[in-house]
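**Q** Sharing a structure here in structure tokens format.
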Amino acid sequence: MFGLSKKEVARKEKYLQICGALGLNYLDNDEFGTKSYLRGFELFRKGNGKIRNLSQIKSHTLDVEINLFDYRYRISTGKTVITYDQTVFFVNSKQLGLPEFFMKPEKIGHKISAFLGWEDIDFESYPVFSNAYHLTGENEEFIRHHFDDTILRFFSKTSGWSIEAANYYLIFYADNTLVPENILADFYRLAHGVYELFIDKNELPKV
């Protein structure tokens, strides 16, 4: 594994173990242009980045493609270049038909903006969710339709996650967080469960 640090080698080996356990294919680098699908998402507009440890599974009909990977990107701030490492779950699935939205942890700046009447979609029946997350998107009615009681209850019990979605695409992550090796499999299962929450129940069977 020429060119990798010991820490990176250990992480790669853990990915290989997880792929064997979960039935994913370890592709390592983004040879087939997965990143090209993601250019519209805010996370992938932050800086010049590279996908690493790409792990993937596709349905037999190719209607569902699920990816788990690390994403390293760099942002230049004057004379300083800051490197970020991020773990991402990405699904491209015909079982989805989502409005474009961005859900991220609520911060004080978001609360001030909401107080001033700026964008943020809140749910009166779920104040815990509304206080924990900042949800935005142009088609508010369509977004509210997809954030049903099951989804709102789930995210009322867990915080710190970000979701970006548009039509067949959904990414799930914790911002600026490289998921530790010992819980990578748990993160994948959690993210897959979130994906299933958004599946149109009238669409194709789950994979």
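Order determines the names: the first chain of the structure tokens is A, the second B, and so forth; residues in each chain are numbered 1 upward, and ligands are numbered 1 upward as they are shown.
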Residues at most 7 Å from segment 156-168 of chain A, counting only C-alpha atoms, excluding those fewer than 2 positions away in the same chain, as a list in words?

**A**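 In the requested form, the answer reads Phe41, Asn92, Ser93, Lys94, Leu96, Gly97, Leu98, Pro99, Glu100, Phe101, Phe102, Met103, Lys104, Pro105, Val128, Phe129, Ala132, Leu152, Arg153, Phe154, Leu170, Ile171, Phe172, Tyr173, Ala174 and Asp175 of chain A.
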
**Q** Any idea what's packed within 9 Å of segment 51-66 of chain A, counting only C-alpha atoms, ignoring anything in its chain fewer than 4 positions away? Could you give it as a PyMOL selection string?

**A** chain A and resi 11-12+15-16+19+23-30+34-35+70-73+89-95+192+204+206-207

**Q** How many Å lie between atom CA of Leu68 of chain A and atom CA of Thr136 of chain A, rounded to one decimal?

**A**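 It comes out at 24.7 Å.
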
**Q** If DSSP is run on the backbone, what residues of segment 52-122 of chain A are strand (DSSP E or B)? A reply as a PyMOL selection string would be ideal.

**A** chain A and resi 52-58+64-77+80-93+98-105

**Q** Would you mind exporting the chosen residues as a short mmCIF file (atom, residue, chain, number, x, y, z; two decimals), in the first residue's frame, restricted to N, CA and C atoms?

**A**
data_model
loop_
_atom_site.label_atom_id
_atom_site.label_comp_id
_atom_site.auth_asym_id
_atom_site.auth_seq_id
_atom_site.Cartn_x
_atom_site.Cartn_y
_atom_site.Cartn_z
N ARG A 52 -12.04 8.56 -1.10
CA ARG A 52 -11.11 7.50 -0.69
C ARG A 52 -11.92 6.36 -0.07
N ASN A 53 -11.36 5.17 -0.13
CA ASN A 53 -12.00 3.98 0.47
C ASN A 53 -13.43 3.78 -0.02
N LEU A 54 -13.65 4.01 -1.30
CA LEU A 54 -14.99 3.87 -1.87
C LEU A 54 -15.46 2.42 -1.79
N SER A 55 -16.60 2.23 -1.14
CA SER A 55 -17.20 0.90 -0.98
C SER A 55 -18.62 0.99 -1.51
N GLN A 56 -19.02 -0.01 -2.30
CA GLN A 56 -20.26 0.16 -3.06
C GLN A 56 -21.00 -1.16 -3.24
N ILE A 57 -22.32 -1.05 -3.31
CA ILE A 57 -23.17 -2.19 -3.66
C ILE A 57 -24.26 -1.69 -4.60
N LYS A 58 -24.58 -2.51 -5.61
CA LYS A 58 -25.63 -2.18 -6.56
C LYS A 58 -26.67 -3.30 -6.58
N VAL A 64 -30.58 0.72 -7.76
CA VAL A 64 -30.12 1.21 -6.47
C VAL A 64 -28.61 1.06 -6.40
N GLU A 65 -27.93 2.13 -6.06
CA GLU A 65 -26.48 2.10 -5.84
C GLU A 65 -26.20 2.77 -4.51
N ILE A 66 -25.56 2.04 -3.61
CA ILE A 66 -25.27 2.54 -2.26
C ILE A 66 -23.75 2.62 -2.09
N ASN A 67 -23.30 3.74 -1.56
CA ASN A 67 -21.87 3.99 -1.41
C ASN A 67 -21.52 4.44 0.00
N LEU A 68 -20.41 3.97 0.48
CA LEU A 68 -19.81 4.43 1.73
C LEU A 68 -18.37 4.79 1.42
N PHE A 69 -17.95 5.99 1.85
CA PHE A 69 -16.58 6.39 1.53
C PHE A 69 -16.12 7.52 2.44
N ASP A 70 -14.82 7.76 2.41
CA ASP A 70 -14.23 8.92 3.06
C ASP A 70 -13.97 9.97 1.98
N TYR A 71 -14.09 11.22 2.38
CA TYR A 71 -13.90 12.32 1.43
C TYR A 71 -12.93 13.32 2.06
N ARG A 72 -11.80 13.52 1.42
CA ARG A 72 -10.81 14.49 1.89
C ARG A 72 -10.82 15.71 0.98
N TYR A 73 -11.02 16.87 1.59
CA TYR A 73 -11.02 18.09 0.79
C TYR A 73 -10.22 19.17 1.50
N ARG A 74 -9.77 20.13 0.71
CA ARG A 74 -8.93 21.21 1.23
C ARG A 74 -9.56 22.57 0.92
N ILE A 75 -9.48 23.45 1.91
CA ILE A 75 -9.97 24.80 1.74
C ILE A 75 -8.84 25.77 2.03
N SER A 76 -8.62 26.70 1.12
CA SER A 76 -7.57 27.70 1.27
C SER A 76 -8.13 28.94 1.94
N THR A 77 -7.50 29.36 3.02
CA THR A 77 -7.88 30.59 3.71
C THR A 77 -6.66 31.52 3.74
N THR A 80 -3.10 29.87 4.37
CA THR A 80 -3.25 28.59 5.05
C THR A 80 -4.20 27.67 4.27
N VAL A 81 -3.83 26.41 4.18
CA VAL A 81 -4.69 25.40 3.56
C VAL A 81 -5.10 24.41 4.64
N ILE A 82 -6.41 24.28 4.85
CA ILE A 82 -6.94 23.39 5.88
C ILE A 82 -7.50 22.14 5.21
N THR A 83 -7.09 20.97 5.73
CA THR A 83 -7.56 19.69 5.19
C THR A 83 -8.64 19.11 6.09
N TYR A 84 -9.72 18.67 5.48
CA TYR A 84 -10.84 18.06 6.20
C TYR A 84 -11.02 16.63 5.72
N ASP A 85 -11.33 15.75 6.66
CA ASP A 85 -11.66 14.36 6.34
C ASP A 85 -13.08 14.08 6.79
N GLN A 86 -13.83 13.45 5.94
CA GLN A 86 -15.27 13.32 6.13
C GLN A 86 -15.73 11.94 5.65
N THR A 87 -16.56 11.26 6.45
CA THR A 87 -17.16 10.01 6.01
C THR A 87 -18.57 10.29 5.50
N VAL A 88 -18.92 9.68 4.36
CA VAL A 88 -20.18 9.97 3.69
C VAL A 88 -20.88 8.68 3.28
N PHE A 89 -22.19 8.64 3.48
CA PHE A 89 -23.06 7.60 2.93
C PHE A 89 -23.84 8.26 1.79
N PHE A 90 -23.77 7.66 0.60
CA PHE A 90 -24.43 8.22 -0.57
C PHE A 90 -25.25 7.14 -1.27
N VAL A 91 -26.51 7.44 -1.54
CA VAL A 91 -27.35 6.49 -2.26
C VAL A 91 -27.95 7.17 -3.49
N ASN A 92 -27.90 6.44 -4.58
CA ASN A 92 -28.53 6.84 -5.84
C ASN A 92 -29.58 5.77 -6.13
N SER A 93 -30.84 6.10 -5.91
CA SER A 93 -31.88 5.07 -5.90
C SER A 93 -33.16 5.53 -6.57
N LEU A 98 -37.24 12.50 -4.10
CA LEU A 98 -37.22 13.50 -3.04
C LEU A 98 -37.16 14.93 -3.58
N PRO A 99 -37.74 15.87 -2.83
CA PRO A 99 -37.51 17.28 -3.14
C PRO A 99 -36.08 17.64 -2.78
N GLU A 100 -35.59 18.71 -3.32
CA GLU A 100 -34.26 19.17 -2.96
C GLU A 100 -34.32 19.81 -1.58
N PHE A 101 -33.52 19.29 -0.64
CA PHE A 101 -33.49 19.88 0.70
C PHE A 101 -32.14 19.66 1.35
N PHE A 102 -31.89 20.44 2.38
CA PHE A 102 -30.65 20.36 3.16
C PHE A 102 -31.04 20.43 4.64
N MET A 103 -30.73 19.38 5.36
CA MET A 103 -30.98 19.33 6.80
C MET A 103 -29.64 19.25 7.51
N LYS A 104 -29.42 20.17 8.45
CA LYS A 104 -28.17 20.18 9.19
C LYS A 104 -28.44 20.61 10.62
N PRO A 105 -27.50 20.35 11.53
CA PRO A 105 -27.72 20.74 12.93
C PRO A 105 -27.97 22.24 13.07
#

**Q** Determine the nearest neighbour of Leu38 of chain A from the options A:Phe123, A:Leu197, A:Tyr133, A:Lys50, counting only C-alpha atoms.

**A**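 Of A:Phe123, A:Leu197, A:Tyr133, A:Lys50, the one nearest Leu38 of chain A is A:Lys50, counting only C-alpha atoms.
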
**Q** What is the atom CA of Leu184 of chain A to atom CA of His134 of chain A distance in Å?

**A**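 Atom CA of His134 of chain A lies at a distance of 25.5 Å from atom CA of Leu184 of chain A.
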
**Q** What gap, in Å, lies between atom CA of Ile18 of chain A and atom CA of Leu190 of chain A?

**A**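 Computed distance, atom CA of Ile18 of chain A to atom CA of Leu190 of chain A, equals 14.2 Å.
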
**Q** Name the residues of segment 11-194 of chain A that come out as alpha helix (DSSP H) in a backbone DSSP run; write them as an MDAnalysis selection string.

**A** chainID A and resid 11:22 108:115 127:132 140:146 149:156 184:194

**Q** Could you save those same residues with C-alpha atoms as a short mmCIF file (atom, residue, chain, number, x, y, z; two decimals), in the first residue's frame?

**A**
data_model
loop_
_atom_site.label_atom_id
_atom_site.label_comp_id
_atom_site.auth_asym_id
_atom_site.auth_seq_id
_atom_site.Cartn_x
_atom_site.Cartn_y
_atom_site.Cartn_z
CA ARG A 11 -8.41 2.30 7.95
CA LYS A 12 -8.30 0.71 4.50
CA GLU A 13 -8.05 -2.73 6.08
CA LYS A 14 -11.08 -1.96 8.25
CA TYR A 15 -13.05 -0.92 5.18
CA LEU A 16 -12.11 -4.22 3.54
CA GLN A 17 -13.38 -6.12 6.59
CA ILE A 18 -16.64 -4.18 6.58
CA CYS A 19 -17.13 -4.79 2.87
CA GLY A 20 -16.73 -8.52 3.44
CA ALA A 21 -19.22 -8.47 6.31
CA LEU A 22 -21.83 -6.26 4.62
CA ILE A 108 -27.18 29.96 16.92
CA GLY A 109 -26.87 31.77 13.60
CA HIS A 110 -29.76 29.74 12.21
CA LYS A 111 -31.92 30.61 15.21
CA ILE A 112 -31.24 34.30 14.74
CA SER A 113 -32.08 34.03 11.04
CA ALA A 114 -35.32 32.21 11.85
CA PHE A 115 -36.23 34.89 14.38
CA PRO A 127 -40.35 21.10 18.65
CA VAL A 128 -37.36 18.90 19.58
CA PHE A 129 -36.66 18.24 15.90
CA SER A 130 -37.18 21.88 14.99
CA ASN A 131 -34.79 23.04 17.70
CA ALA A 132 -32.16 20.44 16.76
CA GLU A 140 -41.68 23.59 1.46
CA GLU A 141 -44.95 21.74 0.92
CA PHE A 142 -43.21 18.84 -0.84
CA ILE A 143 -40.52 18.69 1.86
CA ARG A 144 -43.14 18.59 4.62
CA HIS A 145 -44.85 15.72 2.80
CA HIS A 146 -41.66 13.65 2.91
CA ASP A 149 -44.08 11.37 11.61
CA THR A 150 -41.69 8.41 11.47
CA ILE A 151 -38.81 10.54 10.20
CA LEU A 152 -39.53 13.41 12.58
CA ARG A 153 -39.73 11.06 15.57
CA PHE A 154 -36.46 9.39 14.57
CA PHE A 155 -34.50 12.64 14.29
CA SER A 156 -36.10 14.00 17.44
CA LEU A 184 -18.03 2.36 10.60
CA ALA A 185 -20.32 -0.64 10.22
CA ASP A 186 -22.78 0.87 12.70
CA PHE A 187 -22.70 4.16 10.77
CA TYR A 188 -23.47 2.31 7.54
CA ARG A 189 -26.42 0.48 9.11
CA LEU A 190 -27.74 3.73 10.60
CA ALA A 191 -27.42 5.57 7.28
CA HIS A 192 -29.06 2.71 5.40
CA GLY A 193 -31.93 2.85 7.88
CA VAL A 194 -32.31 6.59 7.23
#
